$ cat run.cif   # mmCIF, C-alpha atoms and all ligand atoms
data_input
loop_
_atom_site.label_atom_id
_atom_site.label_comp_id
_atom_site.auth_asym_id
_atom_site.auth_seq_id
_atom_site.Cartn_x
_atom_site.Cartn_y
_atom_site.Cartn_z
CA MET A 3 -2.30 -25.86 26.28
CA ALA A 4 1.18 -27.33 26.05
CA THR A 5 3.97 -24.99 25.00
CA SER A 6 4.50 -27.08 21.87
CA ASP A 7 0.83 -26.58 20.88
CA ALA A 8 1.08 -22.80 21.28
CA LEU A 9 4.26 -22.70 19.19
CA ASN A 10 2.73 -24.99 16.59
CA VAL A 11 -0.16 -22.53 16.21
CA ILE A 12 2.32 -19.67 15.69
CA PHE A 13 4.51 -21.52 13.21
CA THR A 14 1.74 -23.10 11.12
CA ARG A 15 -0.56 -20.10 10.80
CA ARG A 16 -0.69 -19.21 7.12
CA SER A 17 -2.63 -16.62 5.15
CA ILE A 18 -5.60 -18.57 3.82
CA ARG A 19 -7.21 -17.45 0.58
CA LYS A 20 -9.55 -20.39 -0.11
CA PHE A 21 -12.42 -21.04 2.28
CA SER A 22 -15.25 -23.52 2.59
CA SER A 23 -18.71 -22.02 3.13
CA ARG A 24 -19.17 -24.07 6.34
CA PRO A 25 -20.39 -21.66 9.03
CA VAL A 26 -18.21 -20.84 12.03
CA GLU A 27 -19.80 -21.88 15.34
CA ILE A 28 -20.92 -19.01 17.56
CA GLN A 29 -18.68 -20.24 20.42
CA ASP A 30 -15.66 -20.13 18.08
CA GLN A 31 -16.58 -16.63 16.92
CA GLN A 32 -16.74 -15.62 20.57
CA ARG A 33 -13.33 -17.14 21.36
CA MET A 34 -11.74 -15.17 18.51
CA LEU A 35 -13.39 -11.95 19.71
CA GLN A 36 -12.14 -12.61 23.23
CA ALA A 37 -8.67 -13.21 21.80
CA ALA A 38 -8.81 -9.82 20.06
CA PHE A 39 -9.53 -8.05 23.34
CA ALA A 40 -6.85 -10.06 25.15
CA ALA A 41 -4.15 -8.40 23.03
CA PRO A 42 -1.76 -5.92 24.62
CA SER A 43 -2.53 -2.23 24.11
CA ALA A 44 -0.60 0.93 24.87
CA GLU A 45 -1.66 2.47 28.21
CA ASN A 46 -4.16 -0.41 28.37
CA ALA A 47 -6.45 1.68 26.19
CA GLN A 48 -9.50 -0.42 25.34
CA ASN A 49 -10.55 1.55 22.28
CA LYS A 50 -11.04 -1.26 19.80
CA HIS A 51 -14.38 -2.00 18.17
CA ILE A 52 -15.07 -5.03 16.00
CA ILE A 53 -17.81 -5.44 13.42
CA ILE A 54 -18.85 -9.07 12.86
CA ILE A 55 -19.79 -9.69 9.23
CA THR A 56 -21.82 -12.81 8.46
CA GLU A 57 -24.56 -11.55 6.14
CA ARG A 58 -23.99 -13.08 2.71
CA ASP A 59 -24.68 -9.80 0.88
CA SER A 60 -22.24 -7.94 3.08
CA LEU A 61 -19.50 -10.58 2.61
CA ASP A 62 -20.11 -10.59 -1.15
CA ASN A 63 -19.67 -6.80 -1.21
CA LEU A 64 -16.23 -6.87 0.49
CA PRO A 65 -14.28 -7.38 -2.77
CA ALA A 66 -15.75 -4.08 -3.95
CA LEU A 67 -14.15 -2.39 -0.92
CA HIS A 68 -10.80 -4.17 -0.81
CA PRO A 69 -8.63 -5.52 -3.68
CA SER A 70 -7.65 -8.70 -1.78
CA ALA A 71 -11.07 -9.60 -0.42
CA ALA A 72 -12.23 -11.86 -3.27
CA PRO A 73 -12.09 -14.94 -0.95
CA ALA A 74 -14.90 -13.29 1.07
CA ARG A 75 -17.29 -14.58 -1.61
CA GLU A 76 -16.78 -18.06 -0.11
CA ALA A 77 -15.86 -17.21 3.49
CA PRO A 78 -18.70 -17.34 6.05
CA LEU A 79 -17.24 -14.74 8.41
CA ALA A 80 -15.19 -11.57 8.55
CA PHE A 81 -14.21 -9.20 11.33
CA LEU A 82 -13.63 -5.51 10.72
CA ILE A 83 -11.17 -4.28 13.37
CA CYS A 84 -11.63 -0.59 14.17
CA CYS A 85 -10.48 1.95 16.72
CA ASP A 86 -12.47 4.78 18.27
CA THR A 87 -9.78 7.44 18.12
CA ALA A 88 -11.94 9.84 20.15
CA ALA A 89 -12.16 7.56 23.20
CA THR A 90 -9.89 8.04 26.20
CA PRO A 91 -7.25 7.19 27.02
CA GLN A 92 -6.04 7.68 23.49
CA THR A 93 -2.50 7.15 22.34
CA ALA A 94 -0.60 7.45 19.10
CA PHE A 95 -0.14 3.70 19.26
CA TRP A 96 -3.70 2.75 18.24
CA PRO A 97 -2.57 1.11 14.95
CA GLN A 98 -0.21 -1.16 16.88
CA ASP A 99 -3.01 -1.99 19.33
CA CYS A 100 -5.24 -2.99 16.40
CA ALA A 101 -2.38 -4.95 14.80
CA ALA A 102 -1.88 -6.96 18.00
CA ALA A 103 -5.62 -7.66 18.12
CA THR A 104 -5.62 -8.73 14.47
CA GLN A 105 -2.77 -11.16 15.08
CA ASN A 106 -4.49 -12.55 18.18
CA VAL A 107 -7.65 -13.26 16.16
CA MET A 108 -5.59 -15.07 13.50
CA LEU A 109 -3.75 -17.18 16.04
CA ALA A 110 -6.99 -18.05 17.82
CA ALA A 111 -8.48 -18.97 14.45
CA ARG A 112 -5.55 -21.29 13.74
CA ALA A 113 -5.91 -22.90 17.18
CA LEU A 114 -9.59 -23.56 16.37
CA GLY A 115 -8.73 -25.13 13.00
CA LEU A 116 -9.92 -22.05 11.11
CA GLY A 117 -8.09 -20.15 8.40
CA SER A 118 -7.83 -16.39 8.20
CA LEU A 119 -6.57 -13.61 5.96
CA TRP A 120 -5.43 -10.15 7.10
CA CYS A 121 -6.60 -7.59 4.53
CA GLY A 122 -4.81 -4.35 5.33
CA ILE A 123 -6.87 -1.13 5.45
CA HIS A 124 -5.10 1.51 7.58
CA PRO A 125 -3.08 3.61 6.64
CA LEU A 126 -4.34 3.60 3.04
CA GLU A 127 -6.76 6.52 2.84
CA SER A 128 -8.82 5.15 -0.06
CA ARG A 129 -9.38 1.83 1.75
CA GLU A 130 -10.29 3.60 4.98
CA GLN A 131 -12.83 5.76 3.14
CA ALA A 132 -14.43 2.73 1.49
CA PHE A 133 -14.99 0.97 4.85
CA LEU A 134 -16.00 4.17 6.68
CA SER A 135 -18.83 4.67 4.28
CA ALA A 136 -19.87 1.01 3.72
CA PHE A 137 -20.16 0.30 7.46
CA SER A 138 -21.43 3.76 8.55
CA LEU A 139 -18.56 4.20 10.99
CA PRO A 140 -19.28 7.20 13.21
CA GLY A 141 -17.16 10.19 14.17
CA MET A 142 -13.56 9.33 14.84
CA VAL A 143 -13.84 5.57 14.36
CA ARG A 144 -11.08 4.37 12.03
CA PRO A 145 -11.12 1.00 10.24
CA PHE A 146 -7.79 -0.79 10.66
CA SER A 147 -8.00 -4.29 9.18
CA LEU A 148 -10.44 -6.73 7.66
CA ILE A 149 -9.96 -10.38 8.66
CA LEU A 150 -11.57 -13.05 6.50
CA ILE A 151 -12.23 -16.23 8.49
CA GLY A 152 -13.47 -19.72 7.69
CA TYR A 153 -12.58 -23.38 7.36
CA PRO A 154 -9.59 -23.55 5.01
CA LEU A 155 -9.54 -25.34 1.68
CA GLN A 156 -5.74 -25.12 1.87
CA ASP A 157 -3.38 -26.93 4.20
CA PHE A 158 -1.70 -25.28 7.14
CA PHE A 159 2.06 -25.70 6.95
CA GLU A 160 5.19 -24.37 8.54
CA GLU A 161 7.20 -21.84 6.52
CA ASN A 162 10.64 -20.94 7.79
CA HIS A 163 11.38 -17.21 7.57
CA TYR A 164 13.95 -17.36 10.37
CA ASP A 165 17.18 -15.88 9.05
CA THR A 166 20.08 -15.06 11.36
CA HIS A 167 21.27 -12.45 8.84
CA PHE A 168 18.66 -10.09 10.35
CA ILE A 169 19.64 -10.67 13.96
CA HIS A 170 22.13 -8.53 15.84
CA VAL A 171 23.51 -8.90 19.32
CA GLY A 172 23.86 -5.94 21.64
CA SER A 173 24.36 -3.43 18.81
CA TRP A 174 23.96 -3.29 15.03
CA ASP A 175 27.65 -4.05 14.42
CA ARG A 176 27.65 -7.47 16.00
CA ARG A 177 26.05 -10.15 13.86
CA PHE A 178 24.30 -12.99 15.55
CA GLU A 179 26.23 -16.27 15.38
CA PRO A 180 24.13 -19.41 15.89
CA SER A 181 27.04 -20.78 17.95
CA LEU A 182 26.11 -18.14 20.60
CA PHE A 183 23.09 -20.29 21.48
CA GLU A 184 24.99 -23.56 21.54
CA GLY A 185 24.88 -25.18 24.92
CA GLY A 186 21.86 -23.08 26.00
CA HIS A 187 21.55 -19.38 26.79
CA SER A 188 20.58 -17.26 29.75
C1 LIG B 1 -0.29 -5.31 7.75
C2 LIG B 1 -0.64 -6.46 6.84
C3 LIG B 1 -1.46 -6.23 5.75
C4 LIG B 1 -1.77 -7.28 4.88
N1 LIG B 1 -2.62 -7.02 3.85
C5 LIG B 1 -2.90 -8.02 2.99
C6 LIG B 1 -3.78 -7.77 1.91
O1 LIG B 1 -4.29 -6.66 1.74
N2 LIG B 1 -4.04 -8.79 1.06
C7 LIG B 1 -3.51 -10.04 1.24
O2 LIG B 1 -3.80 -10.94 0.43
N3 LIG B 1 -2.68 -10.32 2.27
C8 LIG B 1 -2.38 -9.33 3.14
N4 LIG B 1 -1.56 -9.60 4.20
C9 LIG B 1 -1.02 -10.97 4.40
C10 LIG B 1 0.42 -11.09 3.89
O3 LIG B 1 0.46 -11.04 2.50
C11 LIG B 1 1.00 -12.42 4.43
O4 LIG B 1 1.01 -12.39 5.84
C12 LIG B 1 2.41 -12.69 3.93
O5 LIG B 1 2.40 -12.92 2.53
C13 LIG B 1 3.06 -13.90 4.61
O6 LIG B 1 2.26 -15.06 4.46
P1 LIG B 1 1.74 -15.87 5.74
O7 LIG B 1 0.71 -14.99 6.42
O8 LIG B 1 1.14 -17.12 5.19
O9 LIG B 1 2.90 -16.11 6.62
C14 LIG B 1 -1.24 -8.58 5.10
C15 LIG B 1 -0.42 -8.80 6.21
C16 LIG B 1 -0.14 -7.76 7.07
C17 LIG B 1 0.73 -8.03 8.29
#
$ encode --input "run.cif" --output "structure tokens"
Amino acid sequence: MATSDALNVIFTRRSIRKFSSRPVEIQDQQRMLQAAFAAPSAENAQNKHIIIITERDSLDNLPALHPSAAPAREAPLAFLICCDTAATPQTAFWPQDCAAATQNVMLAARALGLGSLWCGIHPLESREQAFLSAFSLPGMVRPFSLILIGYPLQDFFEENHYDTHFIHVGSWDRRFEPSLFEGGHS
């Protein structure tokens, strides 16, 4: 993939909340799962588990578990990203590991022309409990995020959140000046 394609995927990924019911090809599901496991993880701990949700009844029940999951009634696919917090090696960074995996799935989805929505679960106890019980998660397995996935009925577009006000150089006291990058940077 050209650099410009990769950056285009990053910049035009949007949270999609309207989906067509068109099914997602198995090969595309597999690519997104592979993307999840390609994410960086602290100490290279491979403790993530993902539940693939395609059953219509199960998708239709997601809004009962999560306040933002109403679009699941149309979406053909969802992934529940979890971590087995009893597996070794285990680190305190498991939520970041799951966040990186969630983002990788969403970027892979965008690259495949699919839309996605990150529905946050961890660290809200009530949401975790709802998913623990609905999906019979065993022992120390913690649900982290729910990702709704499908062909979008909204356009992808670029939204510019880049604001130099939030950028500092070297230490907090020195504000970033766009002129610092003029003429290239090392
Ligand atoms: C940790 C996390 C949790 C989120 N949880 C929800 C959620 O529960 N419901 C929802 O509609 N969007 C959720 N989002 C999506 C954000 O609302 C969205 O990313 C933000 O509004 C920016 O829009 P964009 O994704 O199109 O750039 C979540 C995003 C993150 C990173």
$ residues_around --input "run.cif" --residues "range 23-37 of chain A" --least-positions-apart "4" --cutoff "6 Å" --atoms "only C-alpha atoms" --output "list in words"
Glu76, Ala77, Pro78, Asn106, Val107 and Ala110 of chain A
$ residues_near_ligand --input "run.cif" --ligand "ligand LIG 1 (chain B)" --cutoff "10 Å" --atoms "all atoms listed in the file" --output "number ranges by chain"
A: 12-19, 68-73, 97, 101, 104-105, 108, 118-125, 129, 146-149, 158-163
$ write_last_selection --input "run.cif" --atoms "C-alpha atoms" --output "compact mmCIF listing (two decimals), in the coordinates of the input"
# COMPACT_ATOMS: atom_id res chain seq x y z
CA ILE A 12 2.32 -19.67 15.69
CA PHE A 13 4.51 -21.52 13.21
CA THR A 14 1.74 -23.10 11.12
CA ARG A 15 -0.56 -20.10 10.80
CA ARG A 16 -0.69 -19.21 7.12
CA SER A 17 -2.63 -16.62 5.15
CA ILE A 18 -5.60 -18.57 3.82
CA ARG A 19 -7.21 -17.45 0.58
CA HIS A 68 -10.80 -4.17 -0.81
CA PRO A 69 -8.63 -5.52 -3.68
CA SER A 70 -7.65 -8.70 -1.78
CA ALA A 71 -11.07 -9.60 -0.42
CA ALA A 72 -12.23 -11.86 -3.27
CA PRO A 73 -12.09 -14.94 -0.95
CA PRO A 97 -2.57 1.11 14.95
CA ALA A 101 -2.38 -4.95 14.80
CA THR A 104 -5.62 -8.73 14.47
CA GLN A 105 -2.77 -11.16 15.08
CA MET A 108 -5.59 -15.07 13.50
CA SER A 118 -7.83 -16.39 8.20
CA LEU A 119 -6.57 -13.61 5.96
CA TRP A 120 -5.43 -10.15 7.10
CA CYS A 121 -6.60 -7.59 4.53
CA GLY A 122 -4.81 -4.35 5.33
CA ILE A 123 -6.87 -1.13 5.45
CA HIS A 124 -5.10 1.51 7.58
CA PRO A 125 -3.08 3.61 6.64
CA ARG A 129 -9.38 1.83 1.75
CA PHE A 146 -7.79 -0.79 10.66
CA SER A 147 -8.00 -4.29 9.18
CA LEU A 148 -10.44 -6.73 7.66
CA ILE A 149 -9.96 -10.38 8.66
CA PHE A 158 -1.70 -25.28 7.14
CA PHE A 159 2.06 -25.70 6.95
CA GLU A 160 5.19 -24.37 8.54
CA GLU A 161 7.20 -21.84 6.52
CA ASN A 162 10.64 -20.94 7.79
CA HIS A 163 11.38 -17.21 7.57
$ closest_residue --input "run.cif" --among "A:Gln98, A:Glu57, A:Cys85, A:Leu79" --to "Ala44 in chain A" --atoms "only C-alpha atoms"
A:Gln98
$ axis_aligned_box --input "run.cif" --around "range 62-65 of chain A" --padding-each-side "3 Å" --output "JSON"
{"center_x": -17.2, "center_y": -8.7, "center_z": -1.1, "size_x": 11.8, "size_y": 9.8, "size_z": 9.3}
$ closest_residue --input "run.cif" --among "A:Leu139, A:Gly115, A:Ile53, A:Arg144" --to "Glu127 in chain A" --atoms "only C-alpha atoms"
A:Arg144
$ atom_distance --input "run.cif" --atom1 "CA of Phe133 in chain A" --atom2 "CA of Ile83 in chain A"
10.7 Å
$ atom_distance --input "run.cif" --atom1 "CA of Val11 in chain A" --atom2 "CA of Phe178 in chain A"
26.3 Å
$ closest_residue --input "run.cif" --among "A:Tyr153, A:Phe137, A:Trp174, A:Phe183" --to "Asn63 in chain A" --atoms "all atoms listed in the file"
A:Phe137
$ closest_residue --input "run.cif" --among "A:Lys20, A:Phe95, A:Glu179, A:His170" --to "Asp157 in chain A" --atoms "only C-alpha atoms"
A:Lys20
$ atom_distance --input "run.cif" --atom1 "CA of Asn10 in chain A" --atom2 "CA of Pro42 in chain A"
21.2 Å
$ residues_around --input "run.cif" --residues "Val143 in chain A" --least-positions-apart "6" --cutoff "8 Å" --atoms "only C-alpha atoms" --output "PyMOL selection string"
chain A and resi 84-88
$ closest_residue --input "run.cif" --among "A:Ala132, A:Ala47, A:Ile55, A:Leu61" --to "Ala94 in chain A" --atoms "all atoms listed in the file"
A:Ala47
$ closest_residue --input "run.cif" --among "A:Ser22, A:Ser43, A:Ser6, A:Thr93" --to "Leu150 in chain A" --atoms "all atoms listed in the file"
A:Ser22
$ decode --input "run.cif" --residues "range 47-68 of chain A" --atoms "N, CA and C atoms" --output "compact mmCIF listing (two decimals), in the first residue's frame"
# COMPACT_ATOMS: atom_id res chain seq x y z
N ALA A 47 2.46 -9.39 25.25
CA ALA A 47 1.47 -10.30 25.83
C ALA A 47 0.36 -10.52 24.82
N GLN A 48 0.09 -11.75 24.50
CA GLN A 48 -0.97 -12.07 23.52
C GLN A 48 -2.17 -12.60 24.30
N ASN A 49 -2.81 -11.71 25.03
CA ASN A 49 -3.88 -12.13 25.94
C ASN A 49 -5.27 -11.75 25.45
N LYS A 50 -5.34 -11.26 24.22
CA LYS A 50 -6.64 -10.79 23.73
C LYS A 50 -7.48 -11.98 23.24
N HIS A 51 -8.76 -11.87 23.44
CA HIS A 51 -9.73 -12.80 22.86
C HIS A 51 -10.80 -11.96 22.18
N ILE A 52 -11.32 -12.47 21.05
CA ILE A 52 -12.34 -11.71 20.32
C ILE A 52 -13.53 -12.61 20.05
N ILE A 53 -14.71 -12.13 20.41
CA ILE A 53 -15.94 -12.87 20.08
C ILE A 53 -16.55 -12.24 18.83
N ILE A 54 -16.75 -13.09 17.81
CA ILE A 54 -17.37 -12.64 16.55
C ILE A 54 -18.88 -12.78 16.73
N ILE A 55 -19.60 -11.70 16.46
CA ILE A 55 -21.06 -11.73 16.63
C ILE A 55 -21.72 -11.50 15.28
N THR A 56 -22.39 -12.53 14.77
CA THR A 56 -23.09 -12.40 13.48
C THR A 56 -24.54 -12.88 13.57
N GLU A 57 -24.87 -13.59 14.65
CA GLU A 57 -26.25 -14.07 14.79
C GLU A 57 -27.18 -12.87 14.93
N ARG A 58 -28.26 -12.88 14.15
CA ARG A 58 -29.17 -11.72 14.18
C ARG A 58 -29.72 -11.46 15.58
N ASP A 59 -30.10 -12.52 16.29
CA ASP A 59 -30.67 -12.33 17.64
C ASP A 59 -29.66 -11.68 18.57
N SER A 60 -28.40 -12.12 18.44
CA SER A 60 -27.36 -11.62 19.32
C SER A 60 -27.07 -10.13 19.01
N LEU A 61 -27.03 -9.80 17.70
CA LEU A 61 -26.82 -8.39 17.31
C LEU A 61 -27.98 -7.53 17.80
N ASP A 62 -29.20 -8.07 17.65
CA ASP A 62 -30.38 -7.29 18.06
C ASP A 62 -30.42 -7.07 19.56
N ASN A 63 -29.74 -7.95 20.31
CA ASN A 63 -29.74 -7.81 21.78
C ASN A 63 -28.69 -6.81 22.29
N LEU A 64 -27.74 -6.41 21.41
CA LEU A 64 -26.65 -5.54 21.88
C LEU A 64 -27.14 -4.20 22.44
N PRO A 65 -28.18 -3.58 21.84
CA PRO A 65 -28.64 -2.31 22.44
C PRO A 65 -29.14 -2.47 23.87
N ALA A 66 -29.51 -3.67 24.26
CA ALA A 66 -29.93 -3.89 25.64
C ALA A 66 -28.73 -3.91 26.58
N LEU A 67 -27.54 -4.12 26.02
CA LEU A 67 -26.33 -4.23 26.83
C LEU A 67 -25.53 -2.94 26.84
N HIS A 68 -25.72 -2.12 25.79
CA HIS A 68 -24.88 -0.93 25.63
C HIS A 68 -25.71 0.23 25.09
